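Peer 1: My structure is in target.cif, and what it holds is mmCIF, C-alpha atoms and all ligand atoms:
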data_coords
#
loop_
_atom_site.label_atom_id
_atom_site.label_comp_id
_atom_site.auth_asym_id
_atom_site.auth_seq_id
_atom_site.Cartn_x
_atom_site.Cartn_y
_atom_site.Cartn_z
CA MET A 1 5.07 -22.03 7.11
CA GLU A 2 6.00 -25.06 9.13
CA ARG A 3 2.58 -26.61 8.72
CA LEU A 4 2.51 -26.35 4.99
CA VAL A 5 5.87 -27.99 4.64
CA LEU A 6 5.54 -30.64 7.32
CA GLY A 7 2.01 -31.58 6.28
CA LYS A 8 3.44 -33.10 3.12
CA LYS A 9 5.13 -36.42 2.82
CA GLU A 10 7.47 -35.64 -0.01
CA ILE A 11 9.06 -32.75 -1.79
CA ASP A 12 7.60 -32.21 -5.24
CA ALA A 13 7.20 -29.34 -7.68
CA GLU A 14 3.78 -28.51 -6.28
CA LEU A 15 5.15 -28.15 -2.77
CA LEU A 16 7.90 -25.85 -4.02
CA ASP A 17 5.35 -23.71 -5.89
CA ASP A 18 3.18 -23.48 -2.78
CA LEU A 19 6.18 -22.51 -0.76
CA GLU A 20 7.13 -19.72 -3.13
CA ALA A 21 3.59 -18.34 -2.98
CA LEU A 22 3.71 -18.50 0.81
CA LEU A 23 6.96 -16.55 1.01
CA LEU A 24 5.54 -13.84 -1.23
CA GLN A 25 2.34 -13.71 0.83
CA ALA A 26 4.43 -13.27 3.95
CA ASP A 27 5.87 -10.06 2.41
CA LEU A 28 9.38 -11.35 1.78
CA GLY A 29 9.32 -9.75 -1.66
CA MET A 30 10.61 -11.04 -4.99
CA ALA A 31 14.34 -10.76 -4.41
CA ALA A 32 14.50 -12.53 -1.05
CA THR A 33 11.97 -15.14 -2.17
CA ARG A 34 13.95 -15.88 -5.32
CA GLU A 35 17.18 -16.21 -3.38
CA MET A 36 15.65 -18.60 -0.86
CA MET A 37 13.87 -20.67 -3.48
CA ALA A 38 17.03 -20.91 -5.57
CA ALA A 39 18.96 -22.17 -2.54
CA VAL A 40 16.45 -24.88 -1.65
CA THR A 41 15.67 -25.88 -5.24
CA GLU A 42 19.36 -26.46 -5.84
CA LYS A 43 19.49 -28.70 -2.77
CA VAL A 44 16.43 -30.61 -3.95
CA ARG A 45 18.02 -31.08 -7.37
CA ARG A 46 21.14 -32.47 -5.76
CA LYS A 47 18.91 -34.75 -3.66
CA GLU A 48 20.33 -33.29 -0.46
CA LEU A 49 16.92 -32.87 1.14
CA ALA A 50 15.46 -36.18 2.19
CA ASP A 51 12.10 -34.98 3.43
CA PRO A 52 10.00 -31.87 4.09
CA GLN A 53 11.67 -31.39 7.51
CA ALA A 54 15.00 -31.03 5.77
CA LEU A 55 13.37 -28.56 3.40
CA THR A 56 12.23 -26.42 6.32
CA ALA A 57 15.72 -26.45 7.75
CA ALA A 58 17.17 -25.40 4.38
CA LEU A 59 14.66 -22.56 4.10
CA ARG A 60 15.53 -21.31 7.55
CA ALA A 61 19.20 -21.41 6.68
CA ALA A 62 18.57 -19.46 3.46
CA LEU A 63 16.62 -16.81 5.37
CA LEU A 64 19.34 -16.56 8.00
CA ASP A 65 21.88 -15.99 5.23
CA ILE A 66 19.89 -12.93 4.16
CA LEU A 67 19.35 -11.57 7.67
CA ARG A 68 22.65 -12.26 9.41
CA PRO A 69 24.65 -9.57 7.61
CA ARG A 70 22.12 -6.96 8.80
CA ALA A 71 22.48 -7.72 12.49
CA ALA A 72 24.76 -5.06 13.95
CA GLN A 73 24.06 -3.35 17.21
CA TRP A 74 24.84 0.25 17.97
CA SER A 75 25.19 1.68 21.42
CA PRO A 76 26.11 5.07 22.89
CA ARG A 77 29.71 5.38 24.08
CA LYS A 78 31.10 6.94 27.22
CA GLY A 79 33.04 10.14 26.66
CA GLU A 80 31.19 11.11 23.48
CA THR A 81 27.97 12.89 22.62
CA GLN A 82 26.36 11.25 19.62
CA VAL A 83 23.17 12.11 17.81
CA VAL A 84 20.66 9.53 16.64
CA MET A 85 18.18 11.16 14.28
CA MET A 86 14.96 9.26 13.69
CA VAL A 87 13.19 9.63 10.35
CA GLY A 88 10.19 8.05 8.68
CA ILE A 89 6.72 8.58 7.32
CA ASN A 90 3.72 9.63 9.42
CA GLY A 91 2.67 7.15 12.03
CA ALA A 92 5.55 4.73 11.47
CA GLY A 93 6.40 4.79 15.18
CA LYS A 94 9.28 7.28 15.42
CA THR A 95 8.24 9.01 18.62
CA THR A 96 7.28 5.77 20.36
CA THR A 97 10.56 4.13 19.36
CA ILE A 98 12.44 7.16 20.71
CA GLY A 99 10.71 6.75 24.08
CA LYS A 100 11.64 3.06 24.19
CA LEU A 101 15.26 3.72 23.17
CA ALA A 102 15.58 6.49 25.75
CA ALA A 103 14.46 4.11 28.49
CA ARG A 104 16.82 1.38 27.27
CA TRP A 105 19.91 3.56 27.04
CA LYS A 106 19.17 5.34 30.29
CA GLY A 107 18.81 1.92 31.90
CA GLU A 108 22.27 1.04 30.56
CA GLY A 109 23.67 4.05 32.41
CA PHE A 110 23.98 6.55 29.57
CA GLY A 111 23.00 10.21 29.75
CA VAL A 112 20.13 10.65 27.29
CA LEU A 113 18.53 13.83 25.96
CA LEU A 114 15.61 14.10 23.54
CA ALA A 115 15.07 16.80 20.89
CA ALA A 116 11.50 17.67 19.87
CA GLY A 117 12.39 18.13 16.22
CA ASP A 118 8.86 17.41 14.99
CA THR A 119 7.71 21.02 14.96
CA PHE A 120 5.21 20.29 12.23
CA ARG A 121 2.42 18.10 13.59
CA ALA A 122 0.13 19.56 16.24
CA ALA A 123 0.79 17.95 19.65
CA ALA A 124 3.98 16.24 18.49
CA VAL A 125 6.06 18.16 21.05
CA GLU A 126 3.67 17.23 23.86
CA GLN A 127 3.78 13.59 22.80
CA LEU A 128 7.56 13.52 23.08
CA GLN A 129 7.44 15.41 26.37
CA ALA A 130 5.01 12.83 27.73
CA TRP A 131 7.51 10.11 26.83
CA GLY A 132 10.27 12.15 28.48
CA GLU A 133 8.29 12.29 31.72
CA ARG A 134 7.39 8.64 31.52
CA VAL A 135 10.97 7.46 31.14
CA GLN A 136 12.49 10.33 33.16
CA VAL A 137 14.62 11.78 30.37
CA PRO A 138 14.82 15.54 29.66
CA VAL A 139 13.41 16.95 26.41
CA VAL A 140 14.61 20.06 24.56
CA ALA A 141 11.71 21.76 22.78
CA GLN A 142 10.76 25.13 21.35
CA GLY A 143 7.13 24.60 20.52
CA SER A 144 5.38 23.92 17.26
CA GLY A 145 6.16 26.13 14.33
CA ALA A 146 9.82 26.45 15.39
CA ASP A 147 12.55 25.53 12.94
CA SER A 148 13.30 21.84 13.30
CA ALA A 149 17.01 22.22 12.53
CA SER A 150 17.38 24.96 15.12
CA VAL A 151 15.66 22.87 17.84
CA ILE A 152 17.92 19.90 17.14
CA TYR A 153 21.02 22.12 16.95
CA ASP A 154 20.23 23.69 20.34
CA ALA A 155 19.54 20.27 21.81
CA TYR A 156 22.87 18.93 20.54
CA ALA A 157 24.69 21.91 22.05
CA ALA A 158 22.86 21.27 25.33
CA ALA A 159 23.69 17.54 25.23
CA ARG A 160 27.38 18.34 24.73
CA ALA A 161 27.35 20.90 27.52
CA ARG A 162 25.75 18.40 29.90
CA GLY A 163 28.02 15.57 28.83
CA SER A 164 25.10 13.39 27.72
CA GLU A 165 26.17 10.40 25.66
CA VAL A 166 23.23 10.41 23.29
CA LEU A 167 20.79 12.88 21.86
CA ILE A 168 17.80 11.25 20.17
CA ALA A 169 16.16 13.64 17.71
CA ASP A 170 12.53 13.30 16.70
CA THR A 171 11.54 14.60 13.28
CA ALA A 172 8.25 15.21 11.53
CA GLY A 173 6.63 12.43 9.57
CA ARG A 174 6.80 12.96 5.87
CA LEU A 175 6.06 11.03 2.76
CA HIS A 176 9.17 9.75 1.09
CA THR A 177 7.88 11.45 -2.05
CA GLN A 178 7.72 14.93 -0.48
CA GLY A 179 10.84 16.57 -1.81
CA HIS A 180 10.71 19.74 0.28
CA LEU A 181 10.31 17.80 3.50
CA MET A 182 13.25 15.62 2.58
CA GLU A 183 15.18 18.86 2.08
CA GLU A 184 14.35 19.77 5.68
CA LEU A 185 16.09 16.61 6.91
CA LYS A 186 19.14 17.50 4.84
CA LYS A 187 19.11 20.90 6.49
CA VAL A 188 19.16 19.31 9.95
CA LYS A 189 22.25 17.37 8.87
CA ARG A 190 23.98 20.48 7.54
CA VAL A 191 23.24 22.50 10.65
CA LEU A 192 24.39 19.77 13.06
CA ALA A 193 27.60 19.37 11.07
CA LYS A 194 28.56 22.89 12.14
CA LEU A 195 28.99 21.61 15.70
CA ASP A 196 30.63 18.36 14.62
CA PRO A 197 31.16 17.23 11.02
CA ALA A 198 30.41 13.67 12.18
CA ALA A 199 26.93 14.58 13.46
CA PRO A 200 24.34 13.18 13.22
CA GLN A 201 26.35 10.03 13.87
CA GLN A 202 23.30 7.84 13.25
CA ILE A 203 20.22 8.30 11.06
CA TRP A 204 17.64 5.58 11.63
CA LEU A 205 14.59 4.98 9.50
CA VAL A 206 11.50 3.75 11.31
CA LEU A 207 9.34 1.46 9.18
CA ASP A 208 5.88 0.12 10.00
CA ALA A 209 5.97 -3.60 9.18
CA GLY A 210 2.34 -3.35 8.13
CA THR A 211 3.19 -1.23 5.11
CA GLY A 212 4.42 -4.36 3.33
CA GLN A 213 6.41 -3.90 0.15
CA ASN A 214 5.90 -0.12 0.26
CA ALA A 215 8.38 -0.15 3.13
CA LEU A 216 11.04 -0.95 0.54
CA ASN A 217 10.28 2.18 -1.45
CA GLN A 218 10.41 4.24 1.71
CA ALA A 219 13.74 2.76 2.69
CA ARG A 220 15.27 3.34 -0.73
CA GLN A 221 14.14 6.96 -0.93
CA PHE A 222 15.10 7.96 2.60
CA HIS A 223 18.46 6.29 2.09
CA GLU A 224 19.01 8.17 -1.13
CA ALA A 225 18.01 11.47 0.46
CA VAL A 226 19.85 11.38 3.78
CA GLY A 227 21.96 8.21 3.99
CA LEU A 228 20.64 5.79 6.59
CA THR A 229 22.82 4.01 9.15
CA GLY A 230 20.06 1.93 10.69
CA ILE A 231 16.50 0.71 10.38
CA CYS A 232 13.92 0.00 13.08
CA ILE A 233 10.86 -2.03 12.13
CA THR A 234 7.79 -1.48 14.28
CA LYS A 235 4.45 -3.17 14.87
CA LEU A 236 5.68 -6.71 14.42
CA ASP A 237 3.18 -7.60 17.15
CA GLY A 238 0.24 -6.75 14.94
CA THR A 239 -1.20 -8.32 11.85
CA ALA A 240 1.99 -7.61 9.92
CA LYS A 241 3.49 -10.75 8.52
CA GLY A 242 7.03 -9.64 9.21
CA GLY A 243 8.52 -10.86 5.98
CA VAL A 244 9.18 -7.26 5.02
CA VAL A 245 12.20 -7.43 7.31
CA ALA A 246 13.74 -9.95 4.90
CA ALA A 247 12.75 -7.84 1.89
CA VAL A 248 14.50 -4.80 3.36
CA ALA A 249 17.52 -6.85 4.46
CA LYS A 250 17.90 -8.22 0.95
CA ALA A 251 17.46 -4.88 -0.79
CA LEU A 252 19.62 -2.54 1.28
CA PRO A 253 22.96 -2.94 3.05
CA ILE A 254 21.73 -1.14 6.17
CA PRO A 255 21.80 -2.69 9.67
CA ILE A 256 18.43 -3.49 11.20
CA ARG A 257 18.84 -2.18 14.73
CA TYR A 258 15.62 -2.84 16.61
CA VAL A 259 12.14 -4.25 16.15
CA GLY A 260 9.04 -2.89 17.87
CA VAL A 261 6.64 -5.44 19.27
CA GLY A 262 4.05 -3.30 21.07
CA GLU A 263 3.20 0.15 22.35
CA GLY A 264 4.80 -0.24 25.77
CA VAL A 265 8.20 1.01 26.88
CA GLU A 266 9.58 -2.54 27.08
CA ASP A 267 8.32 -3.54 23.65
CA LEU A 268 11.56 -3.04 21.76
CA ARG A 269 14.00 -5.82 20.90
CA PRO A 270 17.47 -5.66 19.39
CA PHE A 271 17.18 -7.29 15.99
CA ASP A 272 18.10 -10.96 16.37
CA PRO A 273 18.09 -12.94 13.10
CA HIS A 274 17.65 -16.30 14.84
CA ALA A 275 14.73 -15.13 16.93
CA PHE A 276 13.24 -13.53 13.87
CA VAL A 277 13.45 -16.72 11.81
CA ASP A 278 11.89 -18.68 14.68
CA ALA A 279 9.01 -16.21 14.87
CA LEU A 280 8.40 -16.22 11.14
CA PHE A 281 8.31 -20.00 11.04
CA ALA A 282 6.25 -20.40 14.18
CA GLU A 283 2.76 -21.59 13.56
CA LYS A 284 0.27 -18.83 14.05
CA THR A 285 -2.46 -20.00 16.37
CA GLY A 286 -6.02 -18.83 16.10
N1 LIG A 301 1.34 -2.31 18.23
C1 LIG A 301 2.35 -1.46 18.08
N2 LIG A 301 2.09 -0.15 17.97
C2 LIG A 301 3.13 0.69 17.82
C3 LIG A 301 4.47 0.24 17.77
N3 LIG A 301 5.26 1.33 17.61
C4 LIG A 301 4.43 2.40 17.57
N4 LIG A 301 3.14 2.03 17.70
C5 LIG A 301 1.92 2.88 17.67
O1 LIG A 301 1.83 3.51 16.41
C6 LIG A 301 1.22 4.78 16.53
C7 LIG A 301 2.10 5.84 15.88
O2 LIG A 301 3.31 5.92 16.62
P1 LIG A 301 4.16 7.27 16.71
O3 LIG A 301 5.35 6.94 17.53
O4 LIG A 301 3.33 8.41 17.14
O5 LIG A 301 4.56 7.43 15.20
P2 LIG A 301 5.39 8.63 14.51
O6 LIG A 301 6.22 8.01 13.45
O7 LIG A 301 6.08 9.42 15.54
O8 LIG A 301 4.20 9.46 13.84
P3 LIG A 301 4.20 11.02 13.39
O9 LIG A 301 4.73 11.80 14.53
O10 LIG A 301 2.78 11.33 13.08
O11 LIG A 301 5.04 11.10 12.17
C8 LIG A 301 1.03 5.00 18.02
O12 LIG A 301 -0.31 4.70 18.34
C9 LIG A 301 1.98 4.01 18.67
O13 LIG A 301 1.57 3.59 19.94
C10 LIG A 301 4.73 -1.18 17.87
O14 LIG A 301 5.85 -1.68 17.82
N5 LIG A 301 3.62 -1.97 18.02
MG MG A 302 6.04 11.41 15.99
#
Could you spell out this file's structure in structure tokens?
Peer 2:
Amino acid sequence: MERLVLGKKEIDAELLDDLEALLLQADLGMAATREMMAAVTEKVRRKELADPQALTAALRAALLDILRPRAAQWSPRKGETQVVMMVGINGAGKTTTIGKLAARWKGEGFGVLLAAGDTFRAAAVEQLQAWGERVQVPVVAQGSGADSASVIYDAYAAARARGSEVLIADTAGRLHTQGHLMEELKKVKRVLAKLDPAAPQQIWLVLDAGTGQNALNQARQFHEAVGLTGICITKLDGTAKGGVVAAVAKALPIPIRYVGVGEGVEDLRPFDPHAFVDALFAEKTG
């Protein structure tokens, strides 16, 4: 974005139109784009922006205004056993993100347990177990075909008995439009609530940044079905333009917890609005 703006000598209507198109192309979506354009257009009208550099700065500030309210970290707490349930459509990156989170929280000194709640997809249990071995965190599993709610319930009971601070529960991928599968997630919530009405303390949606504006629909529908307390956005290392983070931030009042930037165990970053704005405005090379 920098290049487009800085390549020009003055701010005119054409530059503003180009900018709007660029924001939409970068997946920021209508609402966030409108808000940012309104902010900078107003500054242009009041002649507060002397040159295209000032315009870039104003755009960054407008984007930060959208993102900053969504930056809120969550961490396990000593003396409690909390459940983080991960939900999302097929292939979004749930299981991978669980492996990364397990390594992070274990590294911070917390007792971590994983629940193989994806009893639906063949090899899903083995995939989580492989992550468990890799990051040296135990996994509670019953094998495929088992009842997801019962696996997660047993795992929560085990986590409490062991005094683990956090149980991270995997769940099967599902389309946000599949009503009966959404019902299954509600069942997990009901069953866990028998052990503690506050459980699951966190329900995080995993979104693949590459799904563009469809990510918004997913977020809305999962939120409506189960009530989200966090969002993780994966695959920001790939071809995804990343603007979808702003679209989601604008549309839903849900904290963005982490972003995934690769397939490795270290490739998870706490969501940092400043770093995100820098990355979005950085010139892509090649
Ligand atoms: N490049 C990149 N790849 C990722 C990232 N997160 C996950 N992946 C890859 O995306 C693919 C799907 O990840 P999974 O973790 O299996 O996704 P899932 O949501 O558990 O999928 P289901 O279990 O089928 O619902 C895997 O090949 C991961 O390695 C990321 O941040 N960057
Ligand atoms: Mg999975």
Peer 1: Could you tell me how far CA of Leu185 in chain A sits from CA of Glu224 in chain A, in Å to one decimal place?
Peer 2: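 Computing it gives 12.0 Å between the two atoms.
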Peer 1: Here is a test: counting all atoms listed in the file, which residue of A:Lys250, A:Arg104, A:His274, A:Arg121 is nearest to Met36 in chain A?
Peer 2: A:Lys250
Peer 1: Using Å and a single decimal, report how far CA of Val151 in chain A sits from CA of Ile168 in chain A.
Peer 2: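 Straight-line distance from CA of Ile168 in chain A to CA of Val151 in chain A works out to 12.0 Å.
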Peer 1: Select, from A:Ala123, A:Val83, A:Ala61, A:Ala251, the residue with the minimum atom-to-atom distance to Ala193 in chain A, counting all atoms listed in the file.
Peer 2: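 When distances to Ala193 in chain A are compared using all atoms listed in the file, the smallest one comes from A:Val83.
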Peer 1: Could you state the separation of CA of Val265 in chain A and CA of Lys100 in chain A in Å, given to one decimal place?
Peer 2: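 Between CA of Val265 in chain A and CA of Lys100 in chain A the gap is 4.8 Å.
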Peer 1: Let me see if you get this right: every residue at most 8 Å from ligand MG 302 (chain A), counting only C-alpha atoms and all ligand atoms, written as a list in words.
Peer 2: Asn90, Gly91, Gly93, Lys94, Thr95, Thr96, Asp118, Arg121, Ala124, Gln127, Leu128, Asp170, Thr171, Ala172 and Gly173 of chain A
Peer 1: Which centre and edge lengths in Å to one decimal define the box along x, y and z that fits every listed atom of range 110-118 of chain A plus 6 Å per side, as AutoDock Vina command-line options?
Peer 2:
--center_x 16.4 --center_y 12.3 --center_z 22.4 --size_x 27.1 --size_y 23.6 --size_z 26.8
Peer 1: Which residues are near range 200-210 of chain A? Cut-off 7 Å, all atoms listed in the file, ignore same chain within fewer than 3 positions. Put them as JSON, numbers by chain.
Peer 2: {"A": [82, 83, 84, 85, 86, 87, 88, 92, 93, 94, 189, 192, 215, 228, 229, 230, 231, 232, 233, 234, 235, 236, 240, 242, 244]}
Peer 1: Just checking: using only C-alpha atoms, which residue out of A:Glu183, A:Asp196, A:Asp147, A:Glu80 ends up closest to Val166 in chain A?
Peer 2: A:Glu80
Peer 1: Skipping near chain neighbours, those fewer than 3 positions away, what residues fall within 9 Å of Gln142 in chain A using all atoms listed in the file, listed as number ranges by chain?
Peer 2: A: 116-117, 119, 125, 145-147, 151
Peer 1: Which residue out of A:Arg60, A:Arg34, A:Arg269, A:Arg68 has the minimum interatomic distance to ligand LIG 301 (chain A) when only C-alpha atoms and all ligand atoms are used?
Peer 2: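 Ranked by minimum distance to ligand LIG 301 (chain A), first place goes to A:Arg269.
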Peer 1: May I have the protein, DNA and RNA residues with an atom at most 9 Å from (18.8, -22.0, -1.4), counting all atoms listed in the file in the file's coordinates, returned as a ChimeraX atom specification?
Peer 2: /A:34-43,58-59,61-63
Peer 1: Rebuild N, CA and C atoms on range 135-159 of chain A, as a compact mmCIF listing (two decimals), in the frame of the given file?
Peer 2:
# COMPACT_ATOMS: atom_id res chain seq x y z
N VAL A 135 9.71 8.20 30.99
CA VAL A 135 10.97 7.46 31.14
C VAL A 135 12.04 8.29 31.86
N GLN A 136 11.60 9.48 32.36
CA GLN A 136 12.49 10.33 33.16
C GLN A 136 13.76 10.73 32.40
N VAL A 137 13.53 11.29 31.20
CA VAL A 137 14.62 11.78 30.37
C VAL A 137 14.25 13.19 29.92
N PRO A 138 15.17 14.17 30.03
CA PRO A 138 14.82 15.54 29.66
C PRO A 138 14.62 15.72 28.14
N VAL A 139 13.76 16.68 27.80
CA VAL A 139 13.41 16.95 26.41
C VAL A 139 13.69 18.43 26.10
N VAL A 140 14.40 18.68 25.01
CA VAL A 140 14.61 20.06 24.56
C VAL A 140 13.57 20.36 23.49
N ALA A 141 12.79 21.43 23.72
CA ALA A 141 11.71 21.76 22.78
C ALA A 141 11.59 23.27 22.65
N GLN A 142 11.04 23.70 21.53
CA GLN A 142 10.76 25.13 21.35
C GLN A 142 9.30 25.39 21.03
N GLY A 143 8.53 24.36 20.88
CA GLY A 143 7.13 24.60 20.52
C GLY A 143 6.89 24.45 19.04
N SER A 144 5.64 24.21 18.67
CA SER A 144 5.38 23.92 17.26
C SER A 144 5.53 25.19 16.43
N GLY A 145 5.91 25.00 15.21
CA GLY A 145 6.16 26.13 14.33
C GLY A 145 7.62 26.56 14.33
N ALA A 146 8.38 26.12 15.35
CA ALA A 146 9.82 26.45 15.39
C ALA A 146 10.54 25.73 14.25
N ASP A 147 11.76 26.16 13.99
CA ASP A 147 12.55 25.53 12.94
C ASP A 147 13.17 24.24 13.49
N SER A 148 12.86 23.15 12.82
CA SER A 148 13.30 21.84 13.30
C SER A 148 14.83 21.79 13.46
N ALA A 149 15.54 22.28 12.47
CA ALA A 149 17.01 22.22 12.53
C ALA A 149 17.53 23.02 13.72
N SER A 150 16.90 24.14 14.02
CA SER A 150 17.38 24.96 15.12
C SER A 150 17.11 24.28 16.47
N VAL A 151 15.96 23.61 16.60
CA VAL A 151 15.66 22.87 17.84
C VAL A 151 16.72 21.78 18.06
N ILE A 152 17.00 21.04 16.99
CA ILE A 152 17.92 19.90 17.14
C ILE A 152 19.36 20.40 17.37
N TYR A 153 19.70 21.51 16.73
CA TYR A 153 21.02 22.12 16.95
C TYR A 153 21.18 22.53 18.42
N ASP A 154 20.18 23.25 18.94
CA ASP A 154 20.23 23.69 20.34
C ASP A 154 20.32 22.49 21.28
N ALA A 155 19.55 21.46 20.95
CA ALA A 155 19.54 20.27 21.81
C ALA A 155 20.91 19.59 21.79
N TYR A 156 21.55 19.56 20.64
CA TYR A 156 22.87 18.93 20.54
C TYR A 156 23.88 19.73 21.36
N ALA A 157 23.79 21.07 21.24
CA ALA A 157 24.69 21.91 22.05
C ALA A 157 24.46 21.64 23.53
N ALA A 158 23.19 21.53 23.92
CA ALA A 158 22.86 21.27 25.33
C ALA A 158 23.39 19.90 25.76
N ALA A 159 23.23 18.91 24.89
CA ALA A 159 23.69 17.54 25.23
C ALA A 159 25.20 17.53 25.43
